[in-house]
Amino acid sequence: MNVEVYLFGDFGNGYTQYIDDDSRTLFKSIATKSKANSQLVIHRDGTLMYYIYVRRLHNSESSNNRYLGICYALNNRFVRNIEGLFSIF
């Protein structure tokens, strides 16, 4: 079983991501489409399962474009307790 944890977001100075790989397109797309202040997205790509949490960062000086994202990616496995995963994020 392979597990990867990604951190990504836009904190006002453009998009940044760790681990920086080809998942960048997926994360940016989900963040763009996300409208809620806090959202969990599950995405499957073949045998990879992505559990992606996006949180909007608001303050009086910024627009809604700032956000923080965390992704837990599993290969050949899936999470059964989604509510538990959301509470971890």
# chains A, B, ... in the order shown; residues from 1 in each chain; ligands from 1

call {"tool": "residues_around", "arguments": {"residues": "range 23-39 of chain A", "least_positions_apart": "5", "cutoff": "10 Å", "atoms": "only C-alpha atoms", "output": "mmCIF file with C-alpha atoms, in the first residue's frame"}}
result
data_model
loop_
_atom_site.group_PDB
_atom_site.id
_atom_site.type_symbol
_atom_site.label_atom_id
_atom_site.label_comp_id
_atom_site.auth_asym_id
_atom_site.auth_seq_id
_atom_site.Cartn_x
_atom_site.Cartn_y
_atom_site.Cartn_z
ATOM 1 C CA TYR A 6 -0.111 16.491 0.084
ATOM 2 C CA LEU A 7 -0.300 20.057 1.359
ATOM 3 C CA PHE A 8 -1.334 22.761 -1.083
ATOM 4 C CA GLY A 9 -2.952 26.150 -1.273
ATOM 5 C CA ASP A 10 -2.941 29.765 -2.225
ATOM 6 C CA TYR A 15 -0.347 28.486 -5.666
ATOM 7 C CA THR A 16 2.091 26.279 -3.765
ATOM 8 C CA GLN A 17 2.191 22.529 -3.202
ATOM 9 C CA TYR A 18 4.199 19.905 -1.341
ATOM 10 C CA TYR A 50 -7.730 11.003 -3.271
ATOM 11 C CA ILE A 52 -9.011 16.123 -0.479
ATOM 12 C CA TYR A 53 -9.911 18.729 2.130
ATOM 13 C CA VAL A 54 -10.145 22.384 1.084
ATOM 14 C CA ARG A 55 -10.577 25.207 3.598
ATOM 15 C CA ARG A 56 -11.150 28.827 2.542
ATOM 16 C CA LEU A 57 -9.138 31.434 4.451
ATOM 17 C CA HIS A 58 -11.094 34.606 5.110
ATOM 18 C CA ASN A 64 -12.096 34.385 -1.234
ATOM 19 C CA ASN A 65 -9.167 33.138 -3.378
ATOM 20 C CA ARG A 66 -7.006 32.123 -0.407
ATOM 21 C CA TYR A 67 -7.276 28.513 0.719
ATOM 22 C CA LEU A 68 -5.466 25.620 2.368
ATOM 23 C CA GLY A 69 -5.701 22.056 1.087
ATOM 24 C CA ILE A 70 -4.701 18.689 2.500
ATOM 25 C CA CYS A 71 -4.888 15.452 0.553
ATOM 26 C CA PHE A 86 -13.287 14.777 7.907
ATOM 27 C CA PHE A 89 -8.722 17.269 8.458
#

call {"tool": "residues_around", "arguments": {"residues": "Arg80 in chain A", "least_positions_apart": "5", "cutoff": "12 Å", "atoms": "only C-alpha atoms", "output": "JSON, numbers by chain"}}
result
{"A": [42, 49, 51, 85, 86]}

call {"tool": "atom_distance", "arguments": {"atom1": "CA of Ile82 in chain A", "atom2": "CA of Asp22 in chain A"}}
result
25.1 Å

call {"tool": "atom_distance", "arguments": {"atom1": "CA of Phe78 in chain A", "atom2": "CA of Val41 in chain A"}}
result
13.4 Å

call {"tool": "closest_residue", "arguments": {"among": "A:Ala73, A:Leu48, A:Leu40, A:Ile88", "to": "Val3 in chain A", "atoms": "only C-alpha atoms"}}
result
A:Ala73

call {"tool": "select_by_dssp", "arguments": {"residues": "chain A", "states": "alpha helix (DSSP H)", "output": "PyMOL selection string"}}
result
chain A and resi 24-33+82-88

call {"tool": "write_last_selection", "arguments": {"atoms": "N, CA, C and O atoms", "output": "compact mmCIF listing (two decimals), in the first residue's frame"}}
result
# COMPACT_ATOMS: atom_id res chain seq x y z
N ARG A 24 -1.01 18.41 -9.19
CA ARG A 24 -1.24 19.86 -9.13
C ARG A 24 -2.49 20.27 -9.91
O ARG A 24 -3.30 21.07 -9.43
N THR A 25 -2.69 19.71 -11.09
CA THR A 25 -3.85 20.05 -11.92
C THR A 25 -5.15 19.67 -11.22
O THR A 25 -6.11 20.44 -11.20
N LEU A 26 -5.18 18.49 -10.62
CA LEU A 26 -6.37 18.02 -9.89
C LEU A 26 -6.68 18.94 -8.72
O LEU A 26 -7.82 19.39 -8.56
N PHE A 27 -5.70 19.24 -7.90
CA PHE A 27 -5.92 20.06 -6.71
C PHE A 27 -6.37 21.48 -7.06
O PHE A 27 -7.28 22.02 -6.43
N LYS A 28 -5.75 22.07 -8.07
CA LYS A 28 -6.14 23.42 -8.48
C LYS A 28 -7.56 23.43 -9.02
O LYS A 28 -8.34 24.36 -8.76
N SER A 29 -7.93 22.40 -9.76
CA SER A 29 -9.28 22.30 -10.32
C SER A 29 -10.32 22.18 -9.21
O SER A 29 -11.36 22.85 -9.24
N ILE A 30 -10.05 21.35 -8.24
CA ILE A 30 -11.00 21.17 -7.13
C ILE A 30 -11.12 22.45 -6.32
O ILE A 30 -12.22 22.85 -5.94
N ALA A 31 -10.01 23.12 -6.06
CA ALA A 31 -10.06 24.37 -5.30
C ALA A 31 -10.84 25.44 -6.05
O ALA A 31 -11.59 26.21 -5.44
N THR A 32 -10.72 25.49 -7.36
CA THR A 32 -11.45 26.46 -8.16
C THR A 32 -12.95 26.21 -8.12
O THR A 32 -13.74 27.14 -8.04
N LYS A 33 -13.33 24.94 -8.16
CA LYS A 33 -14.74 24.57 -8.18
C LYS A 33 -15.38 24.60 -6.79
O LYS A 33 -16.60 24.66 -6.67
N ILE A 82 -15.66 7.94 6.48
CA ILE A 82 -15.47 9.28 5.92
C ILE A 82 -15.64 10.36 6.98
O ILE A 82 -14.91 11.33 7.01
N GLU A 83 -16.59 10.18 7.90
CA GLU A 83 -16.80 11.17 8.95
C GLU A 83 -15.53 11.31 9.82
O GLU A 83 -15.16 12.40 10.21
N GLY A 84 -14.89 10.19 10.10
CA GLY A 84 -13.65 10.23 10.87
C GLY A 84 -12.54 10.96 10.13
O GLY A 84 -11.76 11.68 10.72
N LEU A 85 -12.48 10.76 8.83
CA LEU A 85 -11.48 11.43 8.01
C LEU A 85 -11.72 12.94 8.00
O LEU A 85 -10.79 13.73 8.14
N PHE A 86 -12.97 13.35 7.91
CA PHE A 86 -13.29 14.78 7.91
C PHE A 86 -12.87 15.43 9.23
O PHE A 86 -12.34 16.52 9.25
N SER A 87 -13.09 14.72 10.34
CA SER A 87 -12.71 15.29 11.65
C SER A 87 -11.19 15.40 11.79
O SER A 87 -10.70 16.28 12.47
N ILE A 88 -10.43 14.52 11.14
CA ILE A 88 -8.96 14.62 11.16
C ILE A 88 -8.51 15.85 10.41
O ILE A 88 -7.65 16.59 10.87
